[in-house]
Amino acid sequence: MADAPDGKKRANGLPDTKLLDDLEKGPWPSFVTEIKSAAKSSESARDLLGQLELSYEDRKSHWKHGGLVGVLGYGGGVIGRYSDVGDQFPNVAHFHTMRVNHPAAWFYTSDALRTICDVWERRGSGLTNMHGSTGDIILLGTTTDQLEPTFQELTHAGFDLGGSGSAVRTPSSCVGMARCEWACYDSMKLCYDLTMHYQDELHRPSFPYKFKFKFSACPNDCVASIARADMSVIGTWKDEIQIDEREVANYAAGGLDIAKDVCSHCPGKCMDWDGKKLSIENHDCVRCMHCMNVMPKALRPGKERGAVILLGAKAPILQGALLSSVLIPFVAADELFETIKELVSRIWDFWDEYGTNRERIGELIQRVGMPAFLDAIGLDPVPEMVSAPRDNPYIYYQTEKEGEQ
Amino acid sequence: MADAPDGKKRANGLPDTKLLDDLEKGPWPSFVTEIKSAAKSSESARDLLGQLELSYEDRKSHWKHGGLVGVLGYGGGVIGRYSDVGDQFPNVAHFHTMRVNHPAAWFYTSDALRTICDVWERRGSGLTNMHGSTGDIILLGTTTDQLEPTFQELTHAGFDLGGSGSAVRTPSSCVGMARCEWACYDSMKLCYDLTMHYQDELHRPSFPYKFKFKFSACPNDCVASIARADMSVIGTWKDEIQIDEREVANYAAGGLDIAKDVCSHCPGKCMDWDGKKLSIENHDCVRCMHCMNVMPKALRPGKERGAVILLGAKAPILQGALLSSVLIPFVAADELFETIKELVSRIWDFWDEYGTNRERIGELIQRVGMPAFLDAIGLDPVPEMVSAPRDNPYIYYQTEKEGEQ
Amino acid sequence: MTTTPIQPRLTDVGPPSYDKYLPPVVRKNYGQWKYHEKIAPGVLCHVAESGDRLYTVRGGAPRLLSIETIRKFADLADKYCGGYLRFTSRNNIEFLLTEPANIEPLKRDMAAMGIPVGGTNNSISNIVHTQGWVHCHSAATDASGIVKSVMDALCEHFTHEDMPAKLRIALACCLNMCGAVHCSDIAILGVHRRPPKIQKELLPNVCEVPTLISSCPTGAIRPATWEGKPSVEVIEEQCMYCANCYTVCPAMPMSDAENDGLSIWVGGKVSNARSEPRFSKLAIPYLPNHPPRWPEVVEAVVKIVEVYSKHAHKYERVGEWIDRVGWPRFFELTGFPFTRYHIDDFKHAGLTFARSAHVRY
Amino acid sequence: MTTTPIQPRLTDVGPPSYDKYLPPVVRKNYGQWKYHEKIAPGVLCHVAESGDRLYTVRGGAPRLLSIETIRKFADLADKYCGGYLRFTSRNNIEFLLTEPANIEPLKRDMAAMGIPVGGTNNSISNIVHTQGWVHCHSAATDASGIVKSVMDALCEHFTHEDMPAKLRIALACCLNMCGAVHCSDIAILGVHRRPPKIQKELLPNVCEVPTLISSCPTGAIRPATWEGKPSVEVIEEQCMYCANCYTVCPAMPMSDAENDGLSIWVGGKVSNARSEPRFSKLAIPYLPNHPPRWPEVVEAVVKIVEVYSKHAHKYERVGEWIDRVGWPRFFELTGFPFTRYHIDDFKHAGLTFARSAHVRY
Ligand code: SRM
Ligand code: SRM
Ligand code: SRM
Ligand code: SRM
Ligand code: SF4
Ligand code: SF4
Ligand code: SF4
Ligand code: SF4
Ligand code: SF4
Ligand code: SF4
Ligand code: SF4
Ligand code: SF4
């Protein structure tokens, strides 16, 4: 590769990166080293390094607003990206990323990883994100003509694109039953089943805006679903916490201050430790996980398991960030797939009809009001949906409908 | 008095009040009995009884929107009131109330009360509210021509009218130092001094809307100032809670479960009872009063006393109810009068200039934003003003003013 | 009766000085109180650093008092406590004694007058309330009648300190909330449920149209003309019956005997003790106006009191108890239905949605 | 390289089945895990009802990985754990072992590769982050460079479980917050501080004016014409630099080397453990963009970590610690100035005012 137009010197075929080089020092593994490693065999990685150094010099991004690029018959899965210094760095003049739907909970075999690497060595920059914030395998940077062949190689290897645009986005799930004693439903399977069910909505954007699903199998919420998913499915249980008295005693004997470290942090204020026996008023337990987190050998979720379904999280723009809020307080584990499918179709119908351009479902609910939204999707109000009933007296009484009470 | 036009029968000169009579039964003292008692010698009380019975029959108020009535040179203190069934009840056709500024914390001598009764026997219905929600002595119902003479008799007896309209409203205070061991400043004196200072603003409405002051001498807030006053002054202390170890032991010996009844309710989570000694991490104490309320003999506020000044409470209309919020986290007791005077004048200046018609100060702050309000009144922001800093990233950076940081 | 000014005409004299009516024991020990003790329901004893003791006997009053009753209070004060008495911030009457021997005779005289003694500590104190049909044009309900009916049912909790904590009830007869009910353990609030009925002929003469339009929190009032004069129309679906338009314009009356009524709110508080002050939340959106005794309202309030006093821990105010057990439990225990009205849809509604997986079953 | 379709052309195959890459020990014990134990920082042991044990060794990764590095991970997986591995929701790599004897050799090989082992339990885990200057047009700052700089400074807290509780840091390079930083113990957020610079000539060709106008949360964008074509103008005082206009219209670029920079937010969390999930709150409104090491940002984050780890009780997340000691203490201990920017002035601002007399001194 020739010298860049600005005449920077390059050692080992790599651009001169005084600023970035500093980021190869220190104990944490370096993304600069990664780019350099790819740059050994990838011209686009080499130009990426050069452009990034330039950004470090001028303290601004050198990417332009994306354009619509993609693969045949799909409306998403590719983020188009163009350089504003393409003359200096021609190999990243076009530098699109491909979002590849990851396997549930990011499990791989070495072979599966190698397959992806091989495709990306042939077809792209050799750089990836493992993984993107939504969960995808991000194949970082290729040209328009490589999109379709990459796609075809991937599908034949058993991988498919993830979401982008106004579509279902790649759902993700915590490791759940594969490795976690607290899983209250099979988050990986549910994530997979729904992903398969929504292939069309995932690949062919047709919504007012994006729609994200995330599945955590217990209230620890290890995929941050409540903060990042339009629909958050969080495992929980209905019956009593299972207590192993002997193990409780062992923890106490081992030096755990159960009153202070466990009971005093219990948000349900429903635990009592008299120095010998731990008792839990399960009726008041809010299913927060703290006691189990501290004493995993002694306490376990109950046996009647399922999930809370919450709706509406999103990032700040436009009207301020939202966390998902409770829509159905409990659905039994074996009814989740059907319930969600049915519920989601009603939600999407309403969103389709009333959502404005770039209005996430959470914002739509805020705009029309939860009562109207519930009417529309045919769900009865329950007190679990709110942290508290209203405190303002501005009630739209519907006296015609209700008549004299 | 003759039969009313609707022909209701009257026994003992009183109208027939089948519905109201029922409210003379039962253990709680009866307002109907009170009206009847006044009605023995007052024609307007008699007609009030009749009109009220009519309201009980038709389930609606028979008062019309008030008109502007008052005494010479005052713009407030009287609520004009007219009946919409004045033909039936001519003695309440005009039935204005006079608001009389109560003595601080509602202390009276029997003579003072008798003086008021005598005036009101001569000049009005003989009915009162002891007291109105703002704190005034409410003289309930008289005619326009009686307003000025009543006023003159009252002022000669050492009483004056309270507030109404867009003015300072009658300030009120808790019993504080007169009877309470927790008083952190002299709420009665401060209330009185400021009331005297603001006589003009109280009697001559000149604001965008009403402005209320309430003074509670400790965080128990026995005049509900935080919920009902544009400016709420709530006593507190800065140094350490005074502990009488011996009395703590007495409470424990007397059966008080200090850990459960005191410490576990402490919102500062700063109390520890090891079964022998009570220790308080005063740095984390939020000055809530709970521990003192439970053990008044053992614990007392510290010695460095003063008050928190809060601003902005109001009822729901227009934009929703507000509680007052912290403006100055601590003012020493002996500086309160001067500080408040100075602060209030800056607040009123801003309100005068920017407040719209019927906009309470709390609503104005919401509309222009607290930072802009603080700039305007020349107060530096401190973290005590907020329950938490902002969580949205919508910051109006003022880069010109600050330059590069 | 005369209208001749008494000379000189005095103005701006202000209220009596704050210390004018203080009893001697208070003057002497002003700011020097050391602690207080419980003696009996309705009786407090404050002990000064000096060792002096002040006994307070508190009685319930209907607030609406005739001068005859006030004079009787004055007589009792003369008889037992040198003529000194006060009222409380919740409209109770307090006699201020130095002689403990006078307590029982005073209580007997109060009983004879029909004045219940109580309201202290963890009792149910007097209901803060407003004018209602006795004096206000704006009232969606009466005030005194409901208060009387509710207090009749709760009187034994006034005279006994048998609640887990203080329990404060307030009533306001319209959304102006003069009773400041919005931070009460239990609030009773008069509500309209019908849009204003525009009095077209009157309106142009008595109201300013721009002020009227801007008075509506939801923008339901639009300009219109009526017989060539500026007037308004109300978009009924946008009206939530707050009556603010009526406050600024008499030609927009709200009252409607069939549809007006009461709503019940719970869990507010004012004190900073333990938890922060907070607003009351909707428990029952609507109960009918049934004078003279409002049985539905009385029943609802009594139900809340019963459930609360049975389930709350000591020192838990109503709202603090609900914090611990959750709103679903509140609705389950009271049997009140949870409806679409309970879910906020005003300005900050989204902040009341349950944004966590904390659920009780 | 070829563009000829491989036959048949497959679409909508979806991701690999959820159980396709599970190690045998996981397949066997799927849904049958009993408890887990701490072994060492970065090493977990999950025990199944069957008694089987699964050892997880977790390593920190820069997320931006070259295929060379991924292949090295694959080799390690083959060498120590039958080829099975996974990534975590925070971009760490996990090797899934059944042989405890393989743990130490694996850790040595990881060390040789420069991969720190840790991130478990009460350590500081990997920083969730976004594209920054590496791939996004919208970035007000870089992502990877700051993450590297901060993690260099905090690496010993990744490899040691020495925090009072989990501490989660996230970075997003603009207000779109792809890193979902809004619920992090510590969040680093790229910010603009200058209104968009309208590219008047470009605008009419590439943007829809109505969409553009409605994209502005504060209504700062007004219609205008430019050389007869529909265009817009920006009321600069109403702009709070969110860049949403730029997202919908390329002719409204925001970046400004002198004024762009970072803000720091603290106290958010996601888990339902103990307290409810909550947003992060503003700690520092602005720090400059100083590549390659962003010393001001590193210093601020390290300061928060130090103060928190010194003062918080065990099991208190950052936000829970601040709950207990109060925000004034947070600002006092960190020395960060409290400014007008910290006081909310957006939609629900009033709800963040301190509406109680609870004050700590
Ligand atoms: C790649 C990724 C960041 C990363 O480095 O990991 C990303 C990158 C972009 N996001 Fe994002 N978002 C990514 C996860 C997220 C998340 C997190 C999540 O999904 O869990 C969020 C916050 C959660 C949410 O959805 O609210 C997120 C909230 C946004 C938003 C704001 C959406 C909103 O409703 O407020 C935008 C703006 C938009 O959609 O126009 C956005 C837009 C973008 C765009 C497409 C820029 C744009 O304005 O068009 C970025 C492309 C960058 C590039 O050149 O590659 N991105 N974005 C993440 C997707 C990778 C993946 O598929 O796995
Ligand atoms: C008499 C009294 C009720 C009572 O029975 O005790 C009262 C009665 C009225 N209030 Fe009030 N308010 C009374 C204390 C309050 C309080 C409580 C307080 O002051 O502590 C409040 C709530 C606190 C507050 O100020 O926000 C209160 C909030 C209102 C409002 C709503 C104000 C707002 O900003 O939302 C209005 C409407 C208005 O001002 O137009 C109002 C208006 C009225 C009017 C003048 C009706 C009107 O719309 O013009 C009522 C006259 C009734 C009458 O015919 O006598 N009244 N009003 C109270 C005054 C007695 C006194 O002086 O002691
Ligand atoms: C007399 C009065 C002040 C006055 O100037 O009139 C008063 C007097 C006392 N209050 Fe109060 N409070 C008075 C209204 C209030 C109010 C305002 C209200 O109810 O509208 C409150 C706020 C109520 C709320 O939060 O909604 C109030 C919240 C308290 C508290 C905190 C209670 C709590 O746990 O939340 C205490 C402490 C306690 O009782 O343990 C307290 C304690 C006291 C003490 C013990 C203070 C003392 O040492 O003298 C007094 C006797 C209390 C008693 O009745 O048992 N006082 N107190 C008021 C009597 C009203 C009545 O007749 O019932
Ligand atoms: C591997 C992973 C799930 C996955 O599918 O990838 C995971 C795995 C476990 N989590 Fe998690 N959590 C994982 C992300 C999360 C997240 C999401 C995030 O950080 O973005 C959260 C929410 C964080 C938050 O609140 O901001 C999360 C909140 C928890 C908690 C609650 C912590 C708390 O006290 O707030 C626990 C319980 C505990 O640690 O005591 C937990 C516990 C666990 C346990 C012990 C569960 C188990 O028995 O297997 C696992 C090992 C934890 C450890 O690292 O010590 N996990 N965990 C994620 C590892 C991320 C990483 O590489 O660091
Ligand atoms: S969310 Fe719960 S079930 Fe899922 S991995 Fe985390 S702790 Fe385990
Ligand atoms: S799960 Fe949480 S709320 Fe339930 S008992 Fe355990 S600590 Fe308490
Ligand atoms: S507010 Fe405090 S000082 Fe005033 S009376 Fe109540 S308890 Fe006493
Ligand atoms: S006053 Fe309140 S916060 Fe302070 S120590 Fe006592 S109970 Fe705790
Ligand atoms: S609450 Fe309403 S109806 Fe009752 S007195 Fe106040 S303004 Fe009048
Ligand atoms: S009652 Fe309230 S909401 Fe209805 S029109 Fe009048 S002001 Fe508007
Ligand atoms: S946070 Fe903003 S700048 Fe960063 S990747 Fe997302 S959209 Fe791009
Ligand atoms: S940056 Fe945001 S606030 Fe400023 S003009 Fe654009 S959209 Fe509006």
# chains A, B, ... in the order shown; residues from 1 in each chain; ligands from 1
$ residues_around --residues "region 237-243 of chain B" --least-positions-apart "2" --cutoff "9 Å" --atoms "only C-alpha atoms" --output "list in words"
Cys184, Cys218, Gly235, Glu245, Arg246, Glu247, Val248, Leu278, Ser279, Ile280, Glu281, Asn282, His283, Arg287, Met292, Ala298, Leu299, Arg300, Pro301, Gly302, Lys303, Glu304, Arg305, Gly306, Ala307, Phe330 and Ala332 of chain B; Arg360 and Tyr361 of chain D
$ residues_around --residues "region 296-306 of chain C" --least-positions-apart "2" --cutoff "8 Å" --atoms "only C-alpha atoms" --output "PDB file with N, CA, C and O atoms, in the first residue's frame"
ATOM      1  N   ILE C 146     -69.974  15.315  55.753  1.00  0.00           N
ATOM      2  CA  ILE C 146     -69.174  14.095  55.587  1.00  0.00           C
ATOM      3  C   ILE C 146     -68.237  13.936  56.781  1.00  0.00           C
ATOM      4  O   ILE C 146     -68.073  12.843  57.324  1.00  0.00           O
ATOM      5  N   SER C 149     -70.104  12.637  59.677  1.00  0.00           N
ATOM      6  CA  SER C 149     -70.462  11.230  59.494  1.00  0.00           C
ATOM      7  C   SER C 149     -69.249  10.317  59.686  1.00  0.00           C
ATOM      8  O   SER C 149     -69.328   9.271  60.329  1.00  0.00           O
ATOM      9  N   VAL C 150     -68.125  10.727  59.128  1.00  0.00           N
ATOM     10  CA  VAL C 150     -66.921   9.903  59.252  1.00  0.00           C
ATOM     11  C   VAL C 150     -66.428   9.910  60.693  1.00  0.00           C
ATOM     12  O   VAL C 150     -66.086   8.863  61.253  1.00  0.00           O
ATOM     13  N   ALA C 153     -68.187   7.691  62.991  1.00  0.00           N
ATOM     14  CA  ALA C 153     -67.789   6.289  62.862  1.00  0.00           C
ATOM     15  C   ALA C 153     -66.410   6.015  63.444  1.00  0.00           C
ATOM     16  O   ALA C 153     -66.095   4.897  63.828  1.00  0.00           O
ATOM     17  N   LEU C 154     -65.578   7.055  63.501  1.00  0.00           N
ATOM     18  CA  LEU C 154     -64.195   6.848  63.952  1.00  0.00           C
ATOM     19  C   LEU C 154     -63.928   7.414  65.330  1.00  0.00           C
ATOM     20  O   LEU C 154     -62.796   7.391  65.806  1.00  0.00           O
ATOM     21  N   ILE C 186     -55.475   9.643  54.778  1.00  0.00           N
ATOM     22  CA  ILE C 186     -56.700   9.377  54.022  1.00  0.00           C
ATOM     23  C   ILE C 186     -57.288  10.728  53.615  1.00  0.00           C
ATOM     24  O   ILE C 186     -57.462  11.608  54.460  1.00  0.00           O
ATOM     25  N   LEU C 262     -67.465  11.922  45.309  1.00  0.00           N
ATOM     26  CA  LEU C 262     -66.247  11.914  46.103  1.00  0.00           C
ATOM     27  C   LEU C 262     -65.236  10.920  45.558  1.00  0.00           C
ATOM     28  O   LEU C 262     -65.613   9.910  44.973  1.00  0.00           O
ATOM     29  N   LEU C 287     -67.274   7.908  44.500  1.00  0.00           N
ATOM     30  CA  LEU C 287     -68.378   7.449  45.341  1.00  0.00           C
ATOM     31  C   LEU C 287     -69.451   8.517  45.242  1.00  0.00           C
ATOM     32  O   LEU C 287     -69.141   9.699  45.119  1.00  0.00           O
ATOM     33  N   PRO C 288     -70.699   8.122  45.302  1.00  0.00           N
ATOM     34  CA  PRO C 288     -71.759   9.104  45.069  1.00  0.00           C
ATOM     35  C   PRO C 288     -71.963  10.037  46.267  1.00  0.00           C
ATOM     36  O   PRO C 288     -71.585   9.732  47.395  1.00  0.00           O
ATOM     37  N   HIS C 290     -74.263  11.051  48.766  1.00  0.00           N
ATOM     38  CA  HIS C 290     -75.494  10.631  49.405  1.00  0.00           C
ATOM     39  C   HIS C 290     -75.678  11.262  50.770  1.00  0.00           C
ATOM     40  O   HIS C 290     -75.431  10.640  51.793  1.00  0.00           O
ATOM     41  N   ARG C 293     -75.670  11.290  55.159  1.00  0.00           N
ATOM     42  CA  ARG C 293     -74.692  10.499  55.901  1.00  0.00           C
ATOM     43  C   ARG C 293     -73.589   9.890  55.026  1.00  0.00           C
ATOM     44  O   ARG C 293     -72.705   9.216  55.530  1.00  0.00           O
ATOM     45  N   TRP C 294     -73.694  10.044  53.735  1.00  0.00           N
ATOM     46  CA  TRP C 294     -72.651   9.525  52.847  1.00  0.00           C
ATOM     47  C   TRP C 294     -72.166   8.125  53.267  1.00  0.00           C
ATOM     48  O   TRP C 294     -70.974   7.936  53.544  1.00  0.00           O
ATOM     49  N   TYR C 308     -55.733  -1.047  57.663  1.00  0.00           N
ATOM     50  CA  TYR C 308     -54.454  -0.466  58.066  1.00  0.00           C
ATOM     51  C   TYR C 308     -54.109  -0.836  59.500  1.00  0.00           C
ATOM     52  O   TYR C 308     -53.012  -1.316  59.798  1.00  0.00           O
ATOM     53  N   SER C 309     -55.061  -0.636  60.394  1.00  0.00           N
ATOM     54  CA  SER C 309     -54.703  -0.832  61.802  1.00  0.00           C
ATOM     55  C   SER C 309     -54.464  -2.306  62.098  1.00  0.00           C
ATOM     56  O   SER C 309     -53.704  -2.650  62.987  1.00  0.00           O
ATOM     57  N   LYS C 310     -55.032  -3.155  61.289  1.00  0.00           N
ATOM     58  CA  LYS C 310     -54.794  -4.584  61.486  1.00  0.00           C
ATOM     59  C   LYS C 310     -53.439  -5.018  60.934  1.00  0.00           C
ATOM     60  O   LYS C 310     -52.770  -5.874  61.498  1.00  0.00           O
ATOM     61  N   THR C 334     -58.399  -4.305  50.952  1.00  0.00           N
ATOM     62  CA  THR C 334     -59.563  -3.434  51.088  1.00  0.00           C
ATOM     63  C   THR C 334     -60.713  -3.914  50.207  1.00  0.00           C
ATOM     64  O   THR C 334     -61.868  -3.553  50.436  1.00  0.00           O
TER      65      THR C 334
END
$ select_by_dssp --residues "region 138-282 of chain D" --states "strand (DSSP E)" --output "MDAnalysis selection string"
chainID D and resid 169:172 186:191 221:226 229:234 261:266 281:282
$ closest_atom_pairs --of "chain C" --to "chain D" --cutoff "10 Å" --atoms "only C-alpha atoms" --output "CSV"
residue,atom,partner,partner_atom,distance
C:Val270,CA,D:Ser356,CA,8.9
C:Ser271,CA,D:Ser356,CA,8.7
C:Asn272,CA,D:Ala357,CA,6.4
C:Ala273,CA,D:His358,CA,9.1
C:Arg274,CA,D:His358,CA,9.3
C:Ser275,CA,D:His358,CA,8.8
C:Glu276,CA,D:Ser356,CA,5.7
C:Pro277,CA,D:Ser356,CA,6.0
C:Arg278,CA,D:Arg355,CA,8.6
C:Lys347,CA,D:His348,CA,8.4
C:His348,CA,D:His348,CA,6.6
C:Gly350,CA,D:His348,CA,10.0
C:Leu351,CA,D:His348,CA,8.7
C:Ala354,CA,D:Glu276,CA,9.7
C:Arg355,CA,D:Pro277,CA,7.5
C:Ser356,CA,D:Glu276,CA,5.7
C:Ala357,CA,D:Asn272,CA,6.4
C:His358,CA,D:Asn272,CA,6.8
$ write_last_selection --atoms "N, CA and C atoms" --output "PDB file, in the first residue's frame"
ATOM      1  N   VAL C 270     -47.057  14.378  55.773  1.00  0.00           N
ATOM      2  CA  VAL C 270     -46.430  15.692  55.770  1.00  0.00           C
ATOM      3  C   VAL C 270     -45.136  15.669  56.568  1.00  0.00           C
ATOM      4  N   SER C 271     -45.152  14.993  57.676  1.00  0.00           N
ATOM      5  CA  SER C 271     -43.989  15.021  58.558  1.00  0.00           C
ATOM      6  C   SER C 271     -42.787  14.431  57.845  1.00  0.00           C
ATOM      7  N   ASN C 272     -41.616  14.801  58.327  1.00  0.00           N
ATOM      8  CA  ASN C 272     -40.388  14.206  57.817  1.00  0.00           C
ATOM      9  C   ASN C 272     -39.960  12.988  58.623  1.00  0.00           C
ATOM     10  N   ALA C 273     -40.789  12.596  59.575  1.00  0.00           N
ATOM     11  CA  ALA C 273     -40.420  11.464  60.423  1.00  0.00           C
ATOM     12  C   ALA C 273     -40.289  10.209  59.564  1.00  0.00           C
ATOM     13  N   ARG C 274     -39.186   9.552  59.729  1.00  0.00           N
ATOM     14  CA  ARG C 274     -38.855   8.363  58.916  1.00  0.00           C
ATOM     15  C   ARG C 274     -38.819   8.697  57.428  1.00  0.00           C
ATOM     16  N   SER C 275     -39.938   8.531  56.738  1.00  0.00           N
ATOM     17  CA  SER C 275     -39.947   8.747  55.292  1.00  0.00           C
ATOM     18  C   SER C 275     -40.249  10.196  54.943  1.00  0.00           C
ATOM     19  N   GLU C 276     -39.950  10.561  53.723  1.00  0.00           N
ATOM     20  CA  GLU C 276     -40.174  11.930  53.273  1.00  0.00           C
ATOM     21  C   GLU C 276     -41.671  12.218  53.105  1.00  0.00           C
ATOM     22  N   PRO C 277     -42.033  13.489  53.182  1.00  0.00           N
ATOM     23  CA  PRO C 277     -43.424  13.867  52.914  1.00  0.00           C
ATOM     24  C   PRO C 277     -43.821  13.374  51.522  1.00  0.00           C
ATOM     25  N   ARG C 278     -45.073  13.072  51.357  1.00  0.00           N
ATOM     26  CA  ARG C 278     -45.487  12.546  50.053  1.00  0.00           C
ATOM     27  C   ARG C 278     -46.969  12.777  49.816  1.00  0.00           C
ATOM     28  N   LYS C 347     -49.284  14.608  33.401  1.00  0.00           N
ATOM     29  CA  LYS C 347     -47.961  14.984  32.905  1.00  0.00           C
ATOM     30  C   LYS C 347     -46.790  14.044  33.193  1.00  0.00           C
ATOM     31  N   HIS C 348     -46.704  13.586  34.429  1.00  0.00           N
ATOM     32  CA  HIS C 348     -45.548  12.787  34.804  1.00  0.00           C
ATOM     33  C   HIS C 348     -45.920  11.316  34.917  1.00  0.00           C
ATOM     34  N   GLY C 350     -45.621   8.616  33.270  1.00  0.00           N
ATOM     35  CA  GLY C 350     -44.640   7.548  33.028  1.00  0.00           C
ATOM     36  C   GLY C 350     -43.812   7.230  34.262  1.00  0.00           C
ATOM     37  N   LEU C 351     -43.624   8.217  35.112  1.00  0.00           N
ATOM     38  CA  LEU C 351     -42.791   7.994  36.287  1.00  0.00           C
ATOM     39  C   LEU C 351     -43.503   7.159  37.344  1.00  0.00           C
ATOM     40  N   ALA C 354     -44.534   0.861  36.965  1.00  0.00           N
ATOM     41  CA  ALA C 354     -43.665  -0.008  37.778  1.00  0.00           C
ATOM     42  C   ALA C 354     -42.447  -0.419  36.958  1.00  0.00           C
ATOM     43  N   ARG C 355     -41.389   0.331  37.073  1.00  0.00           N
ATOM     44  CA  ARG C 355     -40.221   0.106  36.236  1.00  0.00           C
ATOM     45  C   ARG C 355     -39.176  -0.742  36.951  1.00  0.00           C
ATOM     46  N   SER C 356     -39.590  -1.898  37.393  1.00  0.00           N
ATOM     47  CA  SER C 356     -38.667  -2.864  37.978  1.00  0.00           C
ATOM     48  C   SER C 356     -39.358  -4.213  37.938  1.00  0.00           C
ATOM     49  N   ALA C 357     -38.606  -5.252  38.243  1.00  0.00           N
ATOM     50  CA  ALA C 357     -39.224  -6.575  38.342  1.00  0.00           C
ATOM     51  C   ALA C 357     -39.595  -6.887  39.790  1.00  0.00           C
ATOM     52  N   HIS C 358     -39.578  -5.882  40.646  1.00  0.00           N
ATOM     53  CA  HIS C 358     -40.018  -6.111  42.026  1.00  0.00           C
ATOM     54  C   HIS C 358     -41.530  -6.354  42.033  1.00  0.00           C
TER      55      HIS C 358
END
$ closest_residue --among "D:Tyr241, D:Phe87, D:Phe331, D:Phe279" --to "Ala187 (chain D)" --atoms "only C-alpha atoms"
D:Phe279
$ atom_distance --atom1 "CA of Gly14 (chain D)" --atom2 "CA of Gln131 (chain D)"
25.1 Å
$ decode --residues "region 354-369 of chain A" --atoms "C-alpha atoms" --output "PDB file, in the first residue's frame"
ATOM      1  CA  TYR A 354     -50.878   4.990  16.117  1.00  0.00           C
ATOM      2  CA  GLY A 355     -47.100   5.182  16.350  1.00  0.00           C
ATOM      3  CA  THR A 356     -45.549   8.153  14.620  1.00  0.00           C
ATOM      4  CA  ASN A 357     -42.311   7.948  12.675  1.00  0.00           C
ATOM      5  CA  ARG A 358     -39.391   7.070  15.014  1.00  0.00           C
ATOM      6  CA  GLU A 359     -41.663   6.621  18.018  1.00  0.00           C
ATOM      7  CA  ARG A 360     -40.671   3.681  20.204  1.00  0.00           C
ATOM      8  CA  ILE A 361     -43.466   1.774  21.893  1.00  0.00           C
ATOM      9  CA  GLY A 362     -42.551   3.223  25.300  1.00  0.00           C
ATOM     10  CA  GLU A 363     -42.930   6.741  23.983  1.00  0.00           C
ATOM     11  CA  LEU A 364     -46.232   5.927  22.332  1.00  0.00           C
ATOM     12  CA  ILE A 365     -47.614   4.666  25.640  1.00  0.00           C
ATOM     13  CA  GLN A 366     -46.490   7.844  27.332  1.00  0.00           C
ATOM     14  CA  ARG A 367     -48.174   9.892  24.647  1.00  0.00           C
ATOM     15  CA  VAL A 368     -51.549   8.147  24.570  1.00  0.00           C
ATOM     16  CA  GLY A 369     -51.562   7.167  28.233  1.00  0.00           C
TER      17      GLY A 369
END
